[in-house]
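With mmCIF, C-alpha atoms inside, this is upload12.cif:
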```
data_query
loop_
_atom_site.label_atom_id
_atom_site.label_comp_id
_atom_site.auth_asym_id
_atom_site.auth_seq_id
_atom_site.Cartn_x
_atom_site.Cartn_y
_atom_site.Cartn_z
CA MET B 1 12.46 -33.85 -21.48
CA ASP B 2 15.28 -31.41 -20.74
CA LYS B 3 16.55 -32.79 -17.41
CA GLU B 4 18.62 -29.68 -16.63
CA LYS B 5 15.59 -27.44 -17.20
CA SER B 6 13.51 -29.73 -15.00
CA THR B 7 16.11 -29.59 -12.24
CA ARG B 8 16.34 -25.80 -12.45
CA PHE B 9 12.57 -25.53 -12.07
CA MET B 10 12.54 -27.94 -9.16
CA LEU B 11 15.17 -25.84 -7.39
CA LYS B 12 13.19 -22.69 -8.13
CA VAL B 13 10.05 -24.13 -6.56
CA VAL B 14 12.00 -25.20 -3.48
CA GLY B 15 13.60 -21.76 -3.31
CA ASP B 16 10.26 -20.00 -3.64
CA VAL B 17 8.78 -22.09 -0.83
CA ALA B 18 11.83 -21.33 1.31
CA THR B 19 11.37 -17.61 0.62
CA ALA B 20 7.71 -17.78 1.55
CA MET B 21 8.57 -19.53 4.82
CA ALA B 22 11.29 -16.98 5.56
CA ALA B 23 8.76 -14.19 5.03
CA GLY B 24 6.51 -15.83 7.59
CA LEU B 25 9.41 -16.02 9.99
CA LEU B 26 10.04 -12.30 9.44
CA VAL B 27 6.64 -11.76 11.02
CA VAL B 28 7.56 -14.03 13.92
CA GLY B 29 10.89 -12.32 14.50
CA ASP B 30 9.29 -8.91 14.35
CA GLN B 31 6.54 -9.77 16.83
CA ALA B 32 8.95 -11.57 19.17
CA GLY B 33 11.27 -8.55 19.22
CA LEU B 34 14.23 -10.47 17.81
CA PHE B 35 15.10 -7.90 15.15
CA LYS B 36 15.08 -5.09 17.70
CA CYS B 37 17.40 -7.09 19.94
CA LEU B 38 19.77 -7.71 17.03
CA SER B 39 19.73 -4.11 15.81
CA GLY B 40 22.90 -2.23 16.73
CA ALA B 41 24.13 -5.09 18.91
CA GLY B 42 26.90 -6.32 16.64
CA PRO B 43 27.58 -10.07 16.30
CA LEU B 44 25.50 -12.18 18.68
CA SER B 45 25.36 -15.89 19.37
CA ALA B 46 21.99 -17.62 19.58
CA ALA B 47 22.40 -17.86 23.35
CA GLU B 48 23.15 -14.13 23.65
CA LEU B 49 20.13 -13.24 21.52
CA SER B 50 17.99 -15.60 23.60
CA GLU B 51 19.13 -13.84 26.77
CA ARG B 52 18.45 -10.39 25.32
CA SER B 53 15.02 -11.28 23.92
CA GLY B 54 13.70 -13.77 26.45
CA VAL B 55 12.93 -16.21 23.63
CA LEU B 56 13.74 -19.88 24.18
CA VAL B 57 17.22 -20.51 22.82
CA ARG B 58 16.16 -23.49 20.73
CA TYR B 59 13.67 -21.32 18.87
CA VAL B 60 16.29 -18.62 18.44
CA GLU B 61 18.81 -21.09 16.98
CA GLU B 62 16.39 -22.33 14.35
CA TRP B 63 15.07 -18.86 13.55
CA LEU B 64 18.57 -17.46 13.07
CA ALA B 65 19.45 -20.34 10.78
CA ALA B 66 16.39 -19.60 8.64
CA MET B 67 17.17 -15.87 8.59
CA ALA B 68 20.79 -16.50 7.65
CA GLY B 69 19.74 -18.86 4.88
CA ALA B 70 17.37 -16.21 3.51
CA GLY B 71 20.04 -13.52 3.66
CA TYR B 72 18.28 -11.34 6.22
CA VAL B 73 21.05 -11.70 8.82
CA GLU B 74 24.75 -12.39 8.27
CA TYR B 75 26.44 -15.43 9.76
CA ASP B 76 30.10 -15.79 10.74
CA ALA B 77 30.91 -19.50 10.90
CA ALA B 78 34.24 -18.86 12.62
CA THR B 79 32.55 -17.32 15.67
CA ASP B 80 29.10 -18.87 15.29
CA ARG B 81 27.56 -15.42 15.58
CA PHE B 82 24.88 -13.52 13.68
CA THR B 83 24.68 -9.86 12.71
CA LEU B 84 21.80 -7.70 11.51
CA PRO B 85 23.48 -5.13 9.26
CA GLU B 86 22.42 -1.51 9.59
CA GLU B 87 21.52 -1.57 5.90
CA HIS B 88 18.95 -4.29 6.64
CA ALA B 89 17.79 -2.98 10.01
CA GLN B 90 16.40 0.26 8.58
CA PHE B 91 13.66 -1.73 6.83
CA LEU B 92 12.79 -3.97 9.79
CA ILE B 93 12.96 -2.05 13.06
CA ASN B 94 11.07 1.22 13.32
CA PRO B 95 7.35 1.18 12.40
CA GLU B 96 7.39 4.99 12.28
CA SER B 97 10.12 5.11 9.64
CA GLU B 98 9.16 5.66 6.01
CA TYR B 99 11.60 2.84 5.16
CA TYR B 100 9.86 0.28 7.37
CA LEU B 101 8.67 -2.75 5.39
CA GLY B 102 6.93 -4.49 8.25
CA GLY B 103 3.58 -3.74 6.69
CA LEU B 104 4.52 -5.78 3.65
CA PHE B 105 5.62 -8.96 5.35
CA GLY B 106 3.05 -8.43 8.10
CA SER B 107 0.31 -8.58 5.48
CA LEU B 108 1.26 -12.05 4.30
CA PRO B 109 -0.52 -14.20 6.92
CA GLY B 110 -3.83 -12.46 6.27
CA LEU B 111 -3.52 -12.54 2.50
CA LEU B 112 -2.32 -16.12 2.26
CA ALA B 113 -5.04 -17.28 4.63
CA MET B 114 -7.50 -16.36 1.87
CA ALA B 115 -5.97 -18.87 -0.57
CA PRO B 116 -8.63 -21.59 -0.02
CA LYS B 117 -11.45 -19.09 -0.47
CA LEU B 118 -9.72 -17.64 -3.53
CA ALA B 119 -9.38 -21.11 -5.06
CA GLN B 120 -13.13 -21.53 -4.69
CA ALA B 121 -13.68 -18.09 -6.24
CA PHE B 122 -11.52 -19.18 -9.18
CA LYS B 123 -13.91 -22.08 -9.77
CA THR B 124 -17.11 -20.08 -9.42
CA GLY B 125 -16.05 -16.76 -10.91
CA SER B 126 -17.18 -14.98 -7.76
CA GLY B 127 -15.26 -12.41 -5.76
CA ILE B 128 -14.16 -11.89 -2.15
CA SER B 129 -15.44 -8.78 -0.43
CA PHE B 130 -13.13 -6.48 1.48
CA ALA B 131 -14.88 -7.38 4.75
CA GLU B 132 -14.15 -11.08 4.19
CA PHE B 133 -10.43 -10.38 4.50
CA GLY B 134 -11.03 -9.82 8.20
CA ALA B 135 -11.33 -7.03 10.73
CA GLY B 136 -7.54 -6.64 10.79
CA MET B 137 -7.22 -5.76 7.11
CA PRO B 138 -7.77 -1.95 7.46
CA GLN B 139 -4.98 -1.54 9.97
CA MET B 140 -2.75 -3.97 8.09
CA LEU B 141 -3.02 -1.64 5.09
CA GLU B 142 -2.43 1.30 7.40
CA VAL B 143 0.85 -0.16 8.66
CA MET B 144 1.96 -0.60 5.05
CA ASN B 145 1.26 3.03 4.14
CA ARG B 146 1.21 5.31 7.16
CA PRO B 147 4.96 5.94 7.63
CA VAL B 148 5.62 6.94 4.03
CA TYR B 149 2.41 8.96 3.67
CA GLU B 150 3.10 10.95 6.83
CA ALA B 151 6.72 11.54 5.86
CA ARG B 152 6.19 12.36 2.19
CA LEU B 153 2.69 13.62 1.42
CA VAL B 154 2.97 17.21 2.63
CA ARG B 155 6.72 17.77 2.50
CA HIS B 156 7.58 16.13 -0.81
CA TRP B 157 4.55 15.16 -2.89
CA LEU B 158 2.15 18.08 -2.62
CA PRO B 159 4.81 20.72 -3.42
CA THR B 160 4.75 19.33 -6.98
CA LEU B 161 1.20 20.74 -7.09
CA PRO B 162 1.69 24.36 -5.93
CA ASP B 163 -1.85 25.40 -6.91
CA VAL B 164 -3.25 22.69 -4.64
CA VAL B 165 -1.06 23.84 -1.76
CA ALA B 166 -2.16 27.45 -2.27
CA ARG B 167 -5.84 26.49 -2.33
CA LEU B 168 -5.60 24.41 0.83
CA GLN B 169 -3.65 27.11 2.65
CA ALA B 170 -6.40 29.56 1.72
CA GLY B 171 -9.13 27.32 3.15
CA GLY B 172 -9.94 25.08 0.20
CA ARG B 173 -11.69 21.72 0.27
CA ALA B 174 -9.91 18.35 0.03
CA LEU B 175 -11.33 14.85 -0.21
CA ASP B 176 -9.57 11.48 -0.06
CA ILE B 177 -11.55 8.63 -1.63
CA GLY B 178 -10.90 5.15 -0.29
CA CYS B 179 -9.39 6.78 2.78
CA GLY B 180 -9.19 3.59 4.85
CA THR B 181 -8.28 4.45 8.43
CA GLY B 182 -7.86 8.13 7.55
CA VAL B 183 -4.11 8.58 7.23
CA VAL B 184 -4.25 10.97 4.26
CA PRO B 185 -7.12 13.20 5.49
CA LEU B 186 -5.62 13.51 8.97
CA THR B 187 -2.18 14.30 7.56
CA LEU B 188 -3.71 17.01 5.37
CA ALA B 189 -5.71 18.42 8.27
CA LYS B 190 -2.61 18.80 10.43
CA ALA B 191 -0.76 20.59 7.62
CA PHE B 192 -3.59 22.85 6.42
CA PRO B 193 -5.60 24.10 9.45
CA ALA B 194 -7.75 26.45 7.34
CA ALA B 195 -8.85 23.74 4.89
CA SER B 196 -11.96 21.57 4.97
CA ILE B 197 -10.91 17.92 4.82
CA ALA B 198 -12.95 14.77 4.33
CA GLY B 199 -12.50 11.09 3.64
CA ILE B 200 -14.87 8.45 2.34
CA ASP B 201 -14.56 4.70 2.23
CA LEU B 202 -16.92 1.86 1.43
CA ASP B 203 -15.80 -0.05 4.55
CA ALA B 204 -17.65 1.10 7.66
CA HIS B 205 -15.10 -0.56 9.97
CA SER B 206 -12.29 1.50 8.41
CA ILE B 207 -14.31 4.68 8.87
CA ASP B 208 -14.93 3.87 12.54
CA ILE B 209 -11.17 3.54 13.05
CA ALA B 210 -10.54 6.80 11.18
CA ARG B 211 -13.04 8.65 13.36
CA GLY B 212 -11.33 7.27 16.44
CA TYR B 213 -7.96 8.55 15.22
CA ALA B 214 -9.52 11.96 14.53
CA ARG B 215 -10.82 12.14 18.10
CA GLU B 216 -7.42 11.13 19.49
CA ALA B 217 -5.77 13.91 17.46
CA GLY B 218 -8.41 16.48 18.42
CA LEU B 219 -9.39 16.86 14.76
CA GLN B 220 -12.92 15.45 14.90
CA ASP B 221 -14.41 18.91 14.26
CA ARG B 222 -12.18 19.60 11.27
CA VAL B 223 -12.17 16.27 9.42
CA SER B 224 -15.28 14.39 8.38
CA PHE B 225 -15.37 10.69 7.54
CA LEU B 226 -18.23 8.99 5.73
CA ALA B 227 -18.83 5.33 4.97
CA GLN B 228 -20.18 5.51 1.43
CA PRO B 229 -19.38 4.42 -2.11
CA ILE B 230 -18.02 6.92 -4.58
CA GLU B 231 -21.27 6.68 -6.53
CA ASP B 232 -22.99 8.50 -3.64
CA LEU B 233 -20.47 11.35 -3.61
CA ALA B 234 -22.28 14.68 -3.83
CA THR B 235 -21.03 16.89 -6.64
CA ALA B 236 -21.83 20.13 -4.78
CA PRO B 237 -20.26 21.85 -3.05
CA GLY B 238 -17.20 20.99 -5.07
CA TRP B 239 -13.68 20.07 -4.04
CA ASP B 240 -10.40 21.80 -4.85
CA PHE B 241 -8.40 18.63 -4.37
CA ILE B 242 -9.46 15.00 -4.58
CA SER B 243 -7.07 12.10 -4.10
CA THR B 244 -7.06 8.33 -4.37
CA PHE B 245 -4.08 6.45 -3.01
CA ASP B 246 -3.73 2.92 -4.41
CA VAL B 247 -7.51 2.75 -4.75
CA MET B 248 -8.73 3.35 -8.30
CA HIS B 249 -7.85 -0.12 -9.58
CA ASP B 250 -9.84 -1.68 -6.70
CA LEU B 251 -13.09 0.04 -7.64
CA PRO B 252 -15.79 -1.81 -9.56
CA ASP B 253 -16.15 0.92 -12.20
CA PRO B 254 -12.96 3.00 -12.57
CA VAL B 255 -14.30 5.10 -15.44
CA GLY B 256 -17.53 5.83 -13.60
CA ALA B 257 -15.53 6.70 -10.47
CA MET B 258 -13.33 9.11 -12.42
CA GLN B 259 -16.40 10.69 -13.99
CA ARG B 260 -17.83 11.27 -10.52
CA ILE B 261 -14.54 12.77 -9.37
CA ARG B 262 -14.41 15.07 -12.40
CA ALA B 263 -17.96 16.24 -11.74
CA SER B 264 -17.09 16.94 -8.10
CA LEU B 265 -14.03 19.10 -8.72
CA ASN B 266 -14.23 22.86 -8.48
CA GLU B 267 -13.11 24.83 -11.52
CA GLY B 268 -9.36 24.44 -11.79
CA GLY B 269 -9.39 21.69 -9.17
CA THR B 270 -6.98 18.74 -9.23
CA TYR B 271 -7.46 15.02 -8.91
CA LEU B 272 -4.33 13.19 -7.71
CA MET B 273 -4.40 9.51 -8.64
CA VAL B 274 -1.64 7.46 -7.00
CA GLU B 275 -1.20 3.93 -8.31
CA PRO B 276 1.40 1.14 -8.34
CA LYS B 277 4.41 2.03 -10.46
CA VAL B 278 4.46 -0.56 -13.23
CA GLY B 279 4.97 -0.82 -16.96
CA ASP B 280 2.24 -1.11 -19.55
CA ASP B 281 2.82 -4.78 -20.39
CA LEU B 282 3.60 -8.04 -18.67
CA GLN B 283 6.96 -8.53 -20.36
CA THR B 284 8.23 -5.21 -19.00
CA ASN B 285 6.97 -5.96 -15.52
CA LEU B 286 8.49 -9.43 -15.25
CA GLY B 287 11.89 -7.93 -14.53
CA ASN B 288 10.57 -5.57 -11.84
CA PRO B 289 10.47 -7.01 -8.28
CA PHE B 290 7.85 -4.46 -7.26
CA ALA B 291 5.64 -5.37 -10.20
CA ARG B 292 5.95 -9.08 -9.40
CA MET B 293 4.85 -8.31 -5.84
CA PHE B 294 1.97 -6.17 -7.13
CA TYR B 295 0.76 -9.00 -9.35
CA GLY B 296 0.65 -11.25 -6.29
CA ILE B 297 -1.21 -8.73 -4.12
CA SER B 298 -3.52 -7.99 -7.02
CA CYS B 299 -4.46 -11.64 -7.52
CA LEU B 300 -4.90 -12.29 -3.79
CA HIS B 301 -6.75 -9.08 -2.92
CA CYS B 302 -7.37 -6.38 -5.53
CA VAL B 303 -9.06 -8.40 -8.26
CA PRO B 304 -11.29 -10.59 -6.04
CA GLN B 305 -12.59 -7.68 -3.98
CA SER B 306 -13.35 -5.69 -7.15
CA LEU B 307 -15.16 -8.67 -8.66
CA ALA B 308 -17.13 -9.03 -5.42
CA GLN B 309 -18.62 -5.60 -6.16
CA GLY B 310 -19.59 -6.66 -9.66
CA GLY B 311 -16.61 -4.81 -11.04
CA LEU B 312 -14.03 -5.24 -13.78
CA GLY B 313 -11.25 -6.58 -11.61
CA LEU B 314 -8.88 -4.07 -13.22
CA GLY B 315 -5.94 -5.18 -11.12
CA ALA B 316 -3.03 -3.26 -9.65
CA CYS B 317 -0.75 -3.49 -12.69
CA TRP B 318 -2.77 -1.52 -15.21
CA GLY B 319 -0.01 0.92 -16.23
CA GLU B 320 0.11 4.51 -17.44
CA LYS B 321 -1.16 3.90 -20.97
CA ARG B 322 -4.42 2.42 -19.75
CA ALA B 323 -4.72 5.04 -17.00
CA ARG B 324 -4.50 7.77 -19.63
CA ALA B 325 -7.10 6.06 -21.81
CA LEU B 326 -9.60 5.61 -18.97
CA ALA B 327 -9.04 9.19 -17.78
CA ALA B 328 -9.83 10.48 -21.26
CA GLN B 329 -12.91 8.28 -21.38
CA ALA B 330 -14.00 9.84 -18.09
CA GLY B 331 -13.70 13.33 -19.57
CA PHE B 332 -10.41 14.56 -18.11
CA THR B 333 -8.47 16.75 -20.52
CA ARG B 334 -5.39 17.18 -18.34
CA PHE B 335 -3.24 14.20 -17.42
CA GLU B 336 0.27 14.75 -16.09
CA ARG B 337 2.66 12.20 -14.69
CA LEU B 338 4.33 14.05 -11.84
CA GLY B 339 8.09 13.90 -11.43
CA ILE B 340 7.92 12.28 -8.01
CA ARG B 341 10.53 9.58 -7.55
CA THR B 342 9.49 6.54 -5.54
CA ALA B 343 10.24 2.86 -5.98
CA GLY B 344 6.68 1.59 -5.97
CA LEU B 345 4.23 4.43 -6.65
CA VAL B 346 3.39 6.65 -9.61
CA PHE B 347 1.54 9.98 -9.34
CA TYR B 348 -0.88 11.34 -11.93
CA ALA B 349 -2.43 14.83 -11.74
CA LEU B 350 -5.74 15.06 -13.60
CA GLY B 351 -8.02 17.98 -14.34
CA VAL B 352 -10.14 19.74 -16.91
CA GLY B 353 -8.80 22.61 -18.98
CA ALA B 354 -5.41 23.56 -20.34
CA GLY B 355 -2.57 21.12 -19.76
CA THR B 356 -1.30 17.75 -20.85
CA ALA B 357 -3.83 15.87 -22.96
CA ALA B 358 -5.25 12.77 -21.35
CA ALA B 359 -4.82 10.65 -24.43
#
```
Represent the supplied structure as structure tokens.
Amino acid sequence: MDKEKSTRFMLKVVGDVATAMAAGLLVVGDQAGLFKCLSGAGPLSAAELSERSGVLVRYVEEWLAAMAGAGYVEYDAATDRFTLPEEHAQFLINPESEYYLGGLFGSLPGLLAMAPKLAQAFKTGSGISFAEFGAGMPQMLEVMNRPVYEARLVRHWLPTLPDVVARLQAGGRALDIGCGTGVVPLTLAKAFPAASIAGIDLDAHSIDIARGYAREAGLQDRVSFLAQPIEDLATAPGWDFISTFDVMHDLPDPVGAMQRIRASLNEGGTYLMVEPKVGDDLQTNLGNPFARMFYGISCLHCVPQSLAQGGLGLGACWGEKRARALAAQAGFTRFERLGIRTAGLVFYALGVGAGTAAA
């Protein structure tokens, strides 16, 4: 046995456990308001942060030590004070900011709580339905996505599809499949008042939340939400724009879903498929922190809930090559990777007719 290799692995395991615990304490610090109290305050002692936050000082001392050890706050031993740098704060403070990562670390308790059930599913080959992840899952996903969707969808992403923008401005029809709590349809409705907007999702609880948001925004007469599977999607009247955001890999039959989407598009219509931004093979993805995270989310959530529907369990990290192949199998003859730059998402525009070949 290579003792040095064994020691390195032991230290890695310890480090990974420490990182997982620190991620849990990110949730605690966020919910207790500790990050907000640190933000913009300069160096603070544990006692000063305790006074600002109202959190017992002994908890604050231990929490700050864990955060300093994880590299989330900076520690000055000479003054025994802690600082949350501005460069870190932008990802931790404002839930309305497109840079906020609270949705990511906030999702961990719910996902990791499924580990015992997932272990049983491993043994039986069964899946875990979306509903089994709990009533909080729809809004957990919403927190992960809402800020960036609201900031980017209309102002930055759709302008890469000028024909779609023109159609929606002229009163076209748009549908978001797997709409969750309705962030994409409601964002579209606010930007394109002449358009007809709809969202569908298999989860009835998500649709109830989406309808509530529509009422709050006064958009209940302009946006329709239906709890239904894509297989029940009517192909007439057709849609000028159909989108799926981080959804296609979760579906039980991706090819069948894309075939239904193709059949539901109006002539010249566009299907926008947004998926995790990963390479085509495991070796490429091993060096990508986002891909490593996607593999974890995929194993904990995406694959089991697809298998629960009798599906393939495609997984989040399927890559562009396979996306092109499945799109061609579904009958799309246009497949374009849009030049939208994001760290974790890739955007494909699909259609039928002249354009980039799907395979």
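Reported to one decimal place, the separation of CA of Gly40 (chain B) from CA of Val55 (chain B) is 18.5 Å.
Closest approach to Ile242 (chain B) among B:Val184, B:Leu112, B:Ala210, B:Cys299 is made by B:Val184 (distances from all atoms listed in the file).
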Compare B:Asn285, B:Met137, B:His88, B:Ile93 by their minimum atom-to-atom distance to Gly33 (chain B), counting all atoms listed in the file, and give me the closest one.
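That would be B:Ile93, the residue with the smallest distance to Gly33 (chain B).
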Per-axis box centre and lengths in Å around region 227-242 of chain B, 6 Å margin per side, axis-aligned, as JSON:
```
{"center_x": -15.7, "center_y": 13.1, "center_z": -0.8, "size_x": 26.6, "size_y": 29.4, "size_z": 23.6}
```
So the first atom is CA of Gly212 (chain B) and the second is CA of Ala135 (chain B); what is the distance between them in Å, to one decimal place?
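Result for CA of Gly212 (chain B) versus CA of Ala135 (chain B): 15.4 Å, one decimal.
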Restricting the calculation to only C-alpha atoms: of B:Val247, B:Leu108, B:Leu350, B:Leu300, which residue gets closest to Val27 (chain B)?
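Ranking B:Val247, B:Leu108, B:Leu350, B:Leu300 by distance to Val27 (chain B), first place goes to B:Leu108.
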On this file, the PyMOL selection byres ((chain B and resi 53) around 9) gives some set of residues; write that set as a PDB file with C-alpha atoms, keeping the file's coordinate frame.
```
ATOM      1  CA  ALA B  32       8.950 -11.570  19.170  1.00  0.00           C
ATOM      2  CA  GLY B  33      11.270  -8.550  19.220  1.00  0.00           C
ATOM      3  CA  LEU B  34      14.230 -10.470  17.810  1.00  0.00           C
ATOM      4  CA  LYS B  36      15.080  -5.090  17.700  1.00  0.00           C
ATOM      5  CA  CYS B  37      17.400  -7.090  19.940  1.00  0.00           C
ATOM      6  CA  GLU B  48      23.150 -14.130  23.650  1.00  0.00           C
ATOM      7  CA  LEU B  49      20.130 -13.240  21.520  1.00  0.00           C
ATOM      8  CA  SER B  50      17.990 -15.600  23.600  1.00  0.00           C
ATOM      9  CA  GLU B  51      19.130 -13.840  26.770  1.00  0.00           C
ATOM     10  CA  ARG B  52      18.450 -10.390  25.320  1.00  0.00           C
ATOM     11  CA  GLY B  54      13.700 -13.770  26.450  1.00  0.00           C
ATOM     12  CA  VAL B  55      12.930 -16.210  23.630  1.00  0.00           C
ATOM     13  CA  LEU B  56      13.740 -19.880  24.180  1.00  0.00           C
TER      14      LEU B  56
END
```
Could you name the residues that touch Arg337 (chain B) at 7 Å or less, counting only C-alpha atoms, but leaving out those on the same chain fewer than 5 positions away, as a list in words?
Phe347, Tyr348 and Ala349 of chain B
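Nearest to Ser298 (chain B) of all the residues B:Leu314, B:Leu265, B:Cys179, B:Met67 is B:Leu314, counting all atoms listed in the file.
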